[in-house]
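What follows is a set of notes on a single structure, which appears directly below.
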Amino acid sequence: MLAALHGADAAFDAAIAEDPDFAMAHIGRARVHQLNMEGAGARAKAATARRLAAAASPRERQHVEIMASVIESQPKKAVTAAEQHLTEYPRDAQVLSLLLGAFGLYAFSGRADHDAARLALCERYARDYGEDWWFLTYHGWSLTEAGQVVSGRAITERGYALKPENAGAAHAVAHALFEQGDGREGRAFLSAWLPANERTSFLQGHLAWHLALIDLEEGDADAALDIYERHIKPAGRPYPPLNIYTDTASLLWRLSLAGKADLASHWKDVAAYGDSHFPKAGAHFADVHHALVAAATDGGALDRRLAEMDARQADGKLAPGPSAIGLCRGIAAFAAGDHNEAVRILAPLMPELVRIGGSHAQRELWEDTFIVACLRAGQGRQAADLIGDRLHRRPSRRDLAWSQEAARQ
């Protein structure tokens with residue numbers, strides 16, 4: 001599970017068959033169910049683990065309770081308990097992993113400082129892990145996402161060298177190369193890793209998504225669409241639904257921004273997938289991607305989702321707060337062709353974008369939309385500072401072209 005490889009479900013099932021009273025195996029299997037959005041299975045296994053943990057060690061009881069809290073959608077309780085648990089048992093990597101990553105509890109907490117919080121957590125426990133292949137990967141990635149890309153890449157590559165088949169490490173390397181604007185090396189790395197590890201990982205589709213981003217950066221939308229059709233589109237993909245939905249929606253939207261037409265059939269497929277797996281507001285990262293799909297296919301669906309998000313915000317259940325709703329409204333205005341309105345809505349939300357979680361690479365979609373809206377509205381100078389910040393962080397052929405277009409307005 002920590003290496004993002006297929007097979008954890010079968011391994012936990014085998015452990016349960018060997019020892020039906022082993023609480024840790026049941027809670028591990030519950031977590032796999034949850035990642036695959038198999039809610040009933042996750043809750044049933046978590047309940048069994050809780051019952052069995054009564055006779056287990058204190059570490060195991062706490063581990064089970066933390067995992068069960070995540071499965072039962074109690075993230076604040078889980079974060080508090082996990083932070084306390086780690087002071088006693090810092091090498092409980094499954095618990096630490098809950099807090100880390102682009103889809104972890106810190107990232108989806110709505111905090112504006114979640115990148116810094118993940119890095120601080122990793123640095124707190126670095127001595128406990130030493131040269132551990134998994135920890136080095138996440139420590140390095142945390143540095144990269146916090147803006148320390150050179151040191152982040154170096155630490156990530158140390159972890160990758162210890163276990164090259166680790167898809168999590170390949171993913172962290174891809175992010176470091178993205179943040180350095182090194183498309184050539186990124187393409188070489190991913191083009192070698194993906195076929196060598198075909199069908200081994202549940203991050204395979206997402207790593208193909210990273211390869212498609214390189215094609216878009218280089219202006220080859222046809223190549224990016226080919227990757228989408230061969231490796232990313234939802235049909236029959238053995239990946240977690242949140243990965244599938246966000247990767248498909250975001251790549252189609254980026255293809256549209258790049259001027260690619262005739263995507264209607266793909267949008268229809270993604271809309272059907274979303275209706276099946278994310279029919280109601282809940283996971284806010286799915287919700288902000290739902291806005292992309294609905295804006296491209298069915299404005300009525302977006303109105304319904306916004307109403308649900310408003311209700312969650314009123315109940316204090318929308319972690320990023322009103323900024324997530326604003327991003328959705330900005331996307332709707334952009335899709336309707338009202339670029340001035342899109343600029344008006346999105347401009348004040350750019351500093352708040354971090355609150356939705358995910359990675360820099362994922363969140364750039366909304367920055368891209370804002371930049372294109374500014375250019376189409378003849379307000380390129382309003383996007384100049386954002387484009388300049390991005391170019392300062394890394395070279396980008398696309399951003400340079402946008403910068404030049406903005407300067408002419």
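Letters A, B, ... go to the chains of the structure tokens in the order shown; residues in each chain start at 1; ligands are counted from 1 in the same order.
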
Distance query range 58-72 of chain A at most 8 Å, only C-alpha atoms, self and fewer than 3 positions along chain excluded, as a ChimeraX atom specification:
/A:23-24,27,30-31,34,42-43,46-47,49-50,53-54,75,77-78,81-82,85,89,95

Quick one: residues within 12 Å of range 131-137 of chain A, only C-alpha atoms, excluding same-chain residues fewer than 4 positions away - as a PyMOL selection string?
chain A and resi 1-4+90-94+96-97+100-101+119+121-127+141-144+151-176

Restricting the calculation to only C-alpha atoms, which member of A:Ala314, A:Ile345, A:Ala286, A:Leu177 is positioned closest to Phe108 in chain A?
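For Phe108 in chain A, the nearest of the candidates is A:Ala286.
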
Here is a test: counting only C-alpha atoms, which residue of A:Leu203, A:Leu306, A:Leu255, A:Ala406 is nearest to His6 in chain A?
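Closest to His6 in chain A of all the choices is A:Leu203.
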
Can you build me a table of range 202-281 of chain A residues sitting at most 10 Å from range 357-363 of chain A, with the closest atom pair per residue and its distance in Å to one decimal, using only C-alpha atoms, sorted by chain and residue number, as JSON lines?
```
{"residue": "A:His210", "atom": "CA", "partner": "A:Ala361", "partner_atom": "CA", "distance": 8.7}
{"residue": "A:Leu213", "atom": "CA", "partner": "A:Ala361", "partner_atom": "CA", "distance": 9.0}
{"residue": "A:Thr246", "atom": "CA", "partner": "A:Gln362", "partner_atom": "CA", "distance": 8.7}
{"residue": "A:Asp247", "atom": "CA", "partner": "A:Gln362", "partner_atom": "CA", "distance": 8.7}
{"residue": "A:Ser250", "atom": "CA", "partner": "A:Gln362", "partner_atom": "CA", "distance": 7.8}
{"residue": "A:Leu251", "atom": "CA", "partner": "A:Gln362", "partner_atom": "CA", "distance": 9.7}
```

So which one's closest to His289 in chain A, A:Ala319, A:Ala10, A:Ala264, A:Leu242? Using only C-alpha atoms, please.
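Of A:Ala319, A:Ala10, A:Ala264, A:Leu242, the one nearest His289 in chain A is A:Leu242, counting only C-alpha atoms.
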